[in-house]
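*Asks:* The structure file input19.cif (mmCIF, C-alpha atoms) is provided below.
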data_data
#
loop_
_atom_site.label_atom_id
_atom_site.label_comp_id
_atom_site.auth_asym_id
_atom_site.auth_seq_id
_atom_site.Cartn_x
_atom_site.Cartn_y
_atom_site.Cartn_z
CA MET A 20 12.50 -9.42 34.45
CA ASN A 21 12.79 -9.68 30.70
CA PRO A 22 9.93 -11.47 28.95
CA PRO A 23 10.82 -14.94 27.70
CA ASN A 24 11.99 -15.22 24.11
CA ILE A 25 8.95 -16.79 22.44
CA GLY A 26 10.77 -17.49 19.17
CA ALA A 27 9.15 -17.17 15.80
CA ILE A 28 5.46 -17.04 14.91
CA GLU A 29 4.84 -18.52 11.50
CA LEU A 30 2.06 -17.96 8.99
CA GLU A 31 1.70 -19.61 5.62
CA ILE A 32 -0.75 -18.14 3.11
CA PRO A 33 -1.62 -18.93 -0.50
CA ALA A 34 0.16 -16.62 -2.95
CA SER A 35 -3.09 -14.87 -3.80
CA PRO A 36 -4.04 -11.17 -3.37
CA GLN A 37 -7.08 -11.90 -1.21
CA TYR A 38 -4.89 -13.16 1.66
CA VAL A 39 -2.80 -9.99 2.02
CA SER A 40 -5.43 -8.45 4.30
CA LEU A 41 -5.13 -11.51 6.57
CA ALA A 42 -1.39 -10.90 6.90
CA ARG A 43 -2.17 -7.26 7.80
CA LEU A 44 -4.61 -8.36 10.50
CA ILE A 45 -2.13 -10.75 12.07
CA THR A 46 0.70 -8.22 11.88
CA THR A 47 -1.51 -5.65 13.60
CA ALA A 48 -2.39 -8.12 16.37
CA ILE A 49 1.25 -9.07 16.98
CA ALA A 50 2.47 -5.46 16.94
CA ARG A 51 -0.33 -4.45 19.30
CA SER A 52 0.58 -7.26 21.69
CA LEU A 53 4.13 -5.82 21.73
CA ASP A 54 2.74 -2.38 22.64
CA PHE A 55 3.69 -0.73 19.36
CA GLY A 56 2.02 2.67 18.96
CA ASP A 57 -0.64 3.34 16.33
CA ASP A 58 1.78 5.14 14.00
CA LYS A 59 4.22 2.23 14.04
CA ILE A 60 1.38 -0.23 13.49
CA ASP A 61 0.20 1.80 10.48
CA ASP A 62 3.74 1.59 9.08
CA LEU A 63 3.89 -2.17 9.69
CA LYS A 64 0.54 -2.70 7.96
CA ILE A 65 1.91 -1.05 4.83
CA VAL A 66 5.21 -2.91 5.13
CA ILE A 67 3.63 -6.39 5.41
CA SER A 68 1.24 -5.53 2.60
CA GLU A 69 4.15 -4.56 0.34
CA MET A 70 6.18 -7.62 1.34
CA CYS A 71 3.32 -10.03 0.62
CA THR A 72 2.30 -8.21 -2.56
CA ASN A 73 5.85 -8.47 -3.90
CA ALA A 74 5.94 -12.16 -3.04
CA ILE A 75 2.63 -12.76 -4.84
CA ILE A 76 3.71 -10.80 -7.91
CA HIS A 77 6.98 -12.69 -8.14
CA CYS A 78 5.53 -16.12 -7.38
CA ASP A 79 5.38 -18.35 -10.37
CA ASN A 80 1.75 -19.42 -10.00
CA ARG A 81 1.21 -21.88 -12.80
CA GLU A 82 -2.30 -22.77 -13.83
CA GLY A 83 -3.98 -24.88 -11.17
CA VAL A 84 -1.08 -24.64 -8.75
CA LEU A 85 -1.10 -21.85 -6.17
CA ASN A 86 2.26 -21.30 -4.52
CA ARG A 87 2.47 -20.42 -0.87
CA ILE A 88 4.18 -17.60 1.00
CA LYS A 89 5.78 -18.02 4.38
CA VAL A 90 5.61 -15.14 6.83
CA ARG A 91 7.68 -15.37 10.01
CA TYR A 92 7.46 -12.93 12.90
CA PHE A 93 10.29 -12.58 15.42
CA PRO A 94 9.06 -10.49 18.35
CA GLY A 95 11.85 -8.79 20.27
CA GLU A 96 11.90 -6.83 23.49
CA ARG A 97 11.39 -3.50 21.71
CA ASP A 98 11.25 -4.54 18.09
CA LEU A 99 9.54 -6.79 15.61
CA SER A 100 11.32 -8.53 12.76
CA ILE A 101 9.31 -9.95 9.89
CA GLU A 102 10.49 -12.26 7.15
CA VAL A 103 8.50 -13.06 4.00
CA GLU A 104 9.70 -15.90 1.81
CA ASP A 105 8.44 -16.99 -1.58
CA GLU A 106 9.53 -19.75 -3.89
CA GLY A 107 9.23 -17.70 -7.06
CA PRO A 108 11.92 -17.39 -9.72
CA GLY A 109 13.66 -14.53 -7.89
CA PHE A 110 14.84 -11.35 -9.54
CA ASP A 111 17.90 -9.16 -10.01
CA PRO A 112 18.14 -6.89 -6.92
CA GLU A 113 19.77 -4.26 -9.16
CA CYS A 114 16.36 -3.85 -10.81
CA VAL A 115 14.90 -2.29 -7.65
CA GLY A 116 14.32 1.38 -8.38
CA ASN A 117 13.48 4.44 -6.33
CA PHE A 118 10.39 6.61 -5.93
CA GLU A 119 11.20 8.66 -9.05
CA ASP A 120 11.29 5.44 -11.08
CA GLY A 121 7.97 4.45 -9.53
CA ILE A 122 6.35 7.75 -10.47
CA ALA A 123 7.62 7.39 -14.04
CA ALA A 124 6.49 3.78 -14.36
CA GLY A 125 3.34 3.91 -12.23
CA LYS A 126 4.64 0.92 -10.27
CA GLY A 127 7.67 -0.18 -8.28
CA PHE A 128 6.98 1.89 -5.14
CA GLY A 129 6.90 -1.22 -2.95
CA ILE A 130 10.49 -1.85 -1.93
CA PRO A 131 11.47 1.84 -1.65
CA LEU A 132 8.41 2.33 0.57
CA ILE A 133 9.31 -0.65 2.76
CA LYS A 134 12.85 0.73 3.16
CA SER A 135 11.57 4.13 4.19
CA LEU A 136 9.25 2.72 6.88
CA VAL A 137 11.55 0.22 8.63
CA ASP A 138 14.77 0.40 10.63
CA GLU A 139 16.51 -2.55 8.96
CA PHE A 140 15.95 -4.10 5.54
CA GLU A 141 17.48 -7.17 3.93
CA LEU A 142 16.73 -8.65 0.53
CA ASN A 143 17.94 -12.08 -0.52
CA THR A 144 17.05 -13.00 -4.05
CA GLY A 145 18.53 -14.16 -7.29
CA PRO A 146 17.54 -16.03 -10.41
CA ASN A 147 15.80 -19.34 -9.60
CA CYS A 148 16.39 -19.23 -5.84
CA GLY A 149 13.24 -17.59 -4.48
CA THR A 150 13.12 -14.36 -2.53
CA THR A 151 13.30 -13.58 1.17
CA VAL A 152 12.71 -10.07 2.47
CA ARG A 153 13.48 -9.41 6.12
CA ILE A 154 12.79 -6.21 8.03
CA LYS A 155 13.14 -5.00 11.60
CA LYS A 156 11.15 -2.20 13.14
CA TYR A 157 11.62 -0.76 16.61
CA ASP A 158 8.76 0.49 18.74
CA PHE A 159 10.55 3.82 19.18
CA ASP A 160 12.07 6.45 16.91
CA GLU A 161 15.85 6.68 16.70
CA GLY A 162 15.92 10.00 18.56
CA ASP A 163 13.72 8.66 21.38
CA ARG A 164 15.88 5.69 22.35
CA ALA A 165 15.99 5.39 26.14
CA MET B 16 -14.32 -14.31 -10.88
CA GLU B 17 -16.29 -11.62 -9.07
CA LYS B 18 -14.68 -10.36 -5.90
CA GLN B 19 -17.60 -10.53 -3.51
CA ASP B 20 -15.50 -10.27 -0.36
CA VAL B 21 -13.49 -7.22 -1.42
CA ASP B 22 -13.44 -4.48 1.21
CA LEU B 23 -13.73 -1.48 -1.10
CA ARG B 24 -16.83 0.46 -2.09
CA ILE B 25 -16.70 2.99 -4.91
CA GLU B 26 -19.18 5.72 -5.76
CA SER B 27 -18.60 8.42 -8.36
CA VAL B 28 -20.35 11.76 -8.08
CA LYS B 29 -20.13 14.83 -10.25
CA VAL B 30 -19.04 17.98 -8.40
CA ASN B 31 -19.20 20.85 -10.90
CA ASP B 32 -16.55 20.05 -13.54
CA TYR B 33 -14.98 17.24 -11.56
CA MET B 34 -15.88 13.59 -11.30
CA VAL B 35 -15.20 12.67 -7.69
CA ILE B 36 -14.52 8.98 -7.12
CA VAL B 37 -15.36 8.33 -3.48
CA LEU B 38 -13.68 5.29 -1.94
CA GLU B 39 -14.56 3.53 1.29
CA GLY B 40 -12.57 0.60 2.65
CA GLU B 41 -9.09 -0.69 1.87
CA VAL B 42 -7.04 -0.27 -1.30
CA ASP B 43 -4.48 -3.02 -1.80
CA VAL B 44 -3.41 -5.55 -4.41
CA TYR B 45 -6.79 -7.32 -4.12
CA SER B 46 -9.10 -4.33 -4.34
CA ALA B 47 -7.03 -1.86 -6.44
CA PRO B 48 -8.19 -3.39 -9.76
CA LEU B 49 -11.70 -2.11 -8.92
CA LEU B 50 -10.37 1.43 -8.64
CA ARG B 51 -8.41 1.02 -11.88
CA GLU B 52 -11.61 -0.15 -13.62
CA GLU B 53 -13.57 2.82 -12.33
CA ILE B 54 -10.93 5.32 -13.46
CA THR B 55 -10.79 3.63 -16.86
CA ARG B 56 -14.58 3.73 -17.08
CA GLN B 57 -14.76 7.42 -16.25
CA VAL B 58 -12.02 8.32 -18.74
CA ALA B 59 -13.83 6.28 -21.42
CA ARG B 60 -16.94 8.39 -20.68
CA GLY B 61 -14.93 11.54 -21.36
CA GLU B 62 -14.35 12.51 -17.75
CA TYR B 63 -10.82 13.90 -17.66
CA LYS B 64 -11.03 15.95 -14.47
CA LEU B 65 -10.95 13.32 -11.77
CA VAL B 66 -10.62 13.56 -8.01
CA VAL B 67 -10.20 10.48 -5.83
CA ASP B 68 -11.65 10.94 -2.34
CA LEU B 69 -9.62 8.97 0.22
CA GLU B 70 -11.34 10.34 3.33
CA LYS B 71 -13.06 7.03 4.11
CA VAL B 72 -10.13 4.85 3.12
CA ALA B 73 -8.72 2.91 6.05
CA PHE B 74 -5.71 1.55 4.21
CA LEU B 75 -3.78 2.38 1.03
CA ASP B 76 -0.56 0.77 -0.15
CA SER B 77 1.72 1.13 -3.16
CA THR B 78 -0.60 -0.82 -5.43
CA GLY B 79 -3.21 1.87 -4.86
CA LEU B 80 -0.61 4.60 -5.42
CA GLY B 81 0.33 2.92 -8.70
CA VAL B 82 -3.31 2.97 -9.82
CA LEU B 83 -3.53 6.70 -9.03
CA VAL B 84 -0.36 7.39 -11.05
CA GLY B 85 -1.79 5.27 -13.86
CA GLY B 86 -4.99 7.32 -13.71
CA LEU B 87 -3.01 10.53 -13.99
CA LYS B 88 -1.27 9.17 -17.09
CA ARG B 89 -4.68 8.40 -18.60
CA VAL B 90 -6.11 11.91 -18.15
CA LYS B 91 -2.96 13.92 -18.95
CA PRO B 92 -3.14 13.44 -22.75
CA HIS B 93 -6.63 14.99 -22.58
CA ASP B 94 -5.39 18.03 -20.64
CA GLY B 95 -7.06 16.48 -17.66
CA GLU B 96 -6.05 16.27 -14.04
CA LEU B 97 -6.28 13.87 -11.15
CA GLY B 98 -6.55 15.24 -7.65
CA ILE B 99 -6.82 13.68 -4.23
CA ILE B 100 -9.11 14.51 -1.32
CA CYS B 101 -7.41 13.49 1.91
CA SER B 102 -6.89 14.91 5.36
CA GLN B 103 -5.70 11.74 7.08
CA GLU B 104 -2.15 12.32 8.27
CA LYS B 105 -1.16 8.64 8.00
CA MET B 106 -2.01 8.72 4.30
CA LEU B 107 -0.63 12.20 3.60
CA ARG B 108 2.66 10.99 5.08
CA ILE B 109 2.86 8.24 2.45
CA PHE B 110 2.24 10.81 -0.30
CA ARG B 111 5.05 12.93 1.14
CA ILE B 112 7.48 10.00 1.50
CA THR B 113 6.95 8.88 -2.09
CA GLY B 114 7.02 12.42 -3.50
CA LEU B 115 3.50 12.00 -4.86
CA ASP B 116 2.36 15.08 -2.93
CA LYS B 117 4.24 17.02 -5.65
CA ILE B 118 2.44 15.15 -8.43
CA PHE B 119 -1.18 15.23 -7.27
CA PRO B 120 -3.12 18.30 -6.17
CA ILE B 121 -4.30 17.39 -2.67
CA PHE B 122 -7.46 18.88 -1.17
CA GLY B 123 -8.28 18.58 2.51
CA HIS B 124 -12.03 18.37 1.86
CA VAL B 125 -14.45 18.33 -1.04
CA ASP B 126 -15.42 21.91 -0.06
CA GLU B 127 -11.85 22.95 -0.82
CA LEU B 128 -12.30 21.60 -4.32
CA LYS B 129 -15.56 23.52 -4.70
CA ARG B 130 -13.91 26.72 -3.49
CA ARG B 131 -11.09 26.26 -5.99
CA GLN B 132 -13.62 25.91 -8.77
CA ALA B 133 -15.42 29.00 -7.60
CA GLY B 134 -12.10 30.83 -7.86
CA GLU B 135 -12.02 31.74 -4.19
#
As structure tokens, please, write out the structure in this file.

*Replies:*
Amino acid sequence: MNPPNIGAIELEIPASPQYVSLARLITTAIARSLDFGDDKIDDLKIVISEMCTNAIIHCDNREGVLNRIKVRYFPGERDLSIEVEDEGPGFDPECVGNFEDGIAAGKGFGIPLIKSLVDEFELNTGPNCGTTVRIKKYDFDEGDRA
Amino acid sequence: MEKQDVDLRIESVKVNDYMVIVLEGEVDVYSAPLLREEITRQVARGEYKLVVDLEKVAFLDSTGLGVLVGGLKRVKPHDGELGIICSQEKMLRIFRITGLDKIFPIFGHVDELKRRQAGE
């Protein structure tokens, strides 16, 4: 019997660096409950860290007002999708570089690293419309699919 | 504001010609500024041969990688170098994926660094 579809699990955190570790903890707990292996959980910890860090960097935190980031988890039968949404000013997706650009600049590794650790990646952003990053990761490697 | 709840401890120890910056804990967007400050402090003291020991690091993301690249840029103009001590496969994999394994000399253990200095 297939497990029931439990729908989304939602987390809302202040757009502040100190809460990224909380998102990692919750991601670890959810992935573990889905029987993800340690290697996949390590990947997901980096992925959620990068997703939240990007959201914090791009959030337009004005003095005295701390924006919030929404994290949604969609557990599947053999996968976990995660969506991170911020209400920042958005950015031009064409500006996303690669690892070589990151090495040259000393920053900008985040999105290329996310892409390399997940099975599906989607970025929705644009000037003045916030940013949503959505990923899917399976609990198995492509070559091991049953 | 002092970060009292940050999960990163830093201790720098001199190993022959190298200043080894030993980290313990997690390196992310919250704690990475502490590492950046320590690298900056060591370079300001004239230490241009740096090695960052990641053996006791439980987590490292791209913010930490960016700080390491920034550190390398700081020591390069002084003919310096920045190496990494790491034998954890989960972390080495990230260095390989990003191509940073080609940028940083990586030692499996501090003894490897000592042997290199001894010319063995």

*Asks:* Return the single residue from A:Leu142, A:Ile32, A:Val84, A:Leu53 that is closest to Leu99 (chain A), with distances computed using only C-alpha atoms.

*Replies:* A:Leu53

*Asks:* Could you write out as a ChimeraX atom specification the residues of chain B within 6 Å of chain A, counting all atoms listed in the file?

*Replies:* /B:44-45,76-77,81,84-85,113

*Asks:* For the provided coordinates, the residues matched by the PyMOL selection byres ((chain B and resi 66) around 8) should be stated as a compact mmCIF listing (two decimals) with C-alpha atoms, in the coordinates of the input.

*Replies:*
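This is the output file part_17.txt:
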# COMPACT_ATOMS: atom_id res chain seq x y z
CA TYR B 33 -14.98 17.24 -11.56
CA MET B 34 -15.88 13.59 -11.30
CA VAL B 35 -15.20 12.67 -7.69
CA ILE B 36 -14.52 8.98 -7.12
CA LYS B 64 -11.03 15.95 -14.47
CA LEU B 65 -10.95 13.32 -11.77
CA VAL B 67 -10.20 10.48 -5.83
CA ASP B 68 -11.65 10.94 -2.34
CA LEU B 97 -6.28 13.87 -11.15
CA GLY B 98 -6.55 15.24 -7.65
CA ILE B 99 -6.82 13.68 -4.23
CA ILE B 100 -9.11 14.51 -1.32

*Asks:* On this structure, which residues satisfy the PyMOL selection byres ((chain B and resi 61) around 12), written as a ChimeraX atom specification?

*Replies:* /B:32-34,54-60,62-65,89-90,93-95

*Asks:* Rounded to one decimal place, report the CA of Glu161 (chain A)-CA of Phe93 (chain A) distance in Å.

*Replies:*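 Going from CA of Glu161 (chain A) over to CA of Phe93 (chain A), I get 20.1 Å.
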
*Asks:* What separation in Å, quoted to one decimal, exists between CA of Gly149 (chain A) and CA of Tyr92 (chain A)?

*Replies:*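 Atom-to-atom, CA of Gly149 (chain A) to CA of Tyr92 (chain A), that is 18.9 Å.
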
*Asks:* Could you check the closest approach to Val137 (chain A) for each of A:Gly83, A:Ile60, A:Lys89, A:Gly107 and tell me which residue wins, using all atoms listed in the file?

*Replies:*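 When distances to Val137 (chain A) are compared using all atoms listed in the file, the smallest one comes from A:Ile60.
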
*Asks:* Could you tell me how far CA of Asp158 (chain A) lies from CA of Leu30 (chain A), in Å and to one decimal?

*Replies:* 21.9 Å

*Asks:* Convert the output of the PyMOL selection byres ((chain B and resi 21) around 12) on the shown file into explicit residues, formatted as a list in words.

*Replies:*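 Output of the PyMOL selection byres ((chain B and resi 21) around 12): Pro36, Gln37, Tyr38, Val39 and Ser40 of chain A; Met16, Glu17, Lys18, Gln19, Asp20, Asp22, Leu23, Arg24, Ile25, Glu39, Gly40, Glu41, Val42, Asp43, Val44, Tyr45, Ser46, Ala47, Pro48, Leu49 and Leu50 of chain B.
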
*Asks:* Which residue, A:Phe110, A:Gly145, A:Glu102, A:Glu96, has the smallest gap to Phe159 (chain A) when you use all atoms listed in the file?

*Replies:*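 Closest candidate: A:Glu96.
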
*Asks:* My list of candidates is B:Leu107, B:Leu87, B:Leu128, B:Ile118. Which is closest to Val30 (chain B) when distances are computed with all atoms listed in the file?

*Replies:*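 Counting all atoms listed in the file, the residue closest to Val30 (chain B) is B:Leu128.
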
*Asks:* Contacts of Asp160 (chain A) at 12 Å or less, counting all atoms listed in the file, minus same-chain residues fewer than 4 places along, as number ranges by chain?

*Replies:* A: 55-56, 58-59, 97-98, 136-138, 156, 164-165

*Asks:* Using only C-alpha atoms, which of A:Ile154, A:Ala34, A:Ala74, A:Ala27 sits nearest Pro94 (chain A)?

*Replies:* A:Ala27

*Asks:* Taking only C-alpha atoms into account, which of A:Asp54, A:Glu29, A:Asp120, A:Glu113 comes nearest Thr144 (chain A)?

*Replies:*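 Of A:Asp54, A:Glu29, A:Asp120, A:Glu113, the one nearest Thr144 (chain A), counting only C-alpha atoms, is A:Glu113.
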
*Asks:* Name the residues, using the chain letters and numbers of the file, that sit within 6 Å of (17.6, -7.0, 4.0) when counting all atoms listed in the file, and give them as a VMD selection string.

*Replies:* chain A and resid 140 to 142 152 to 153
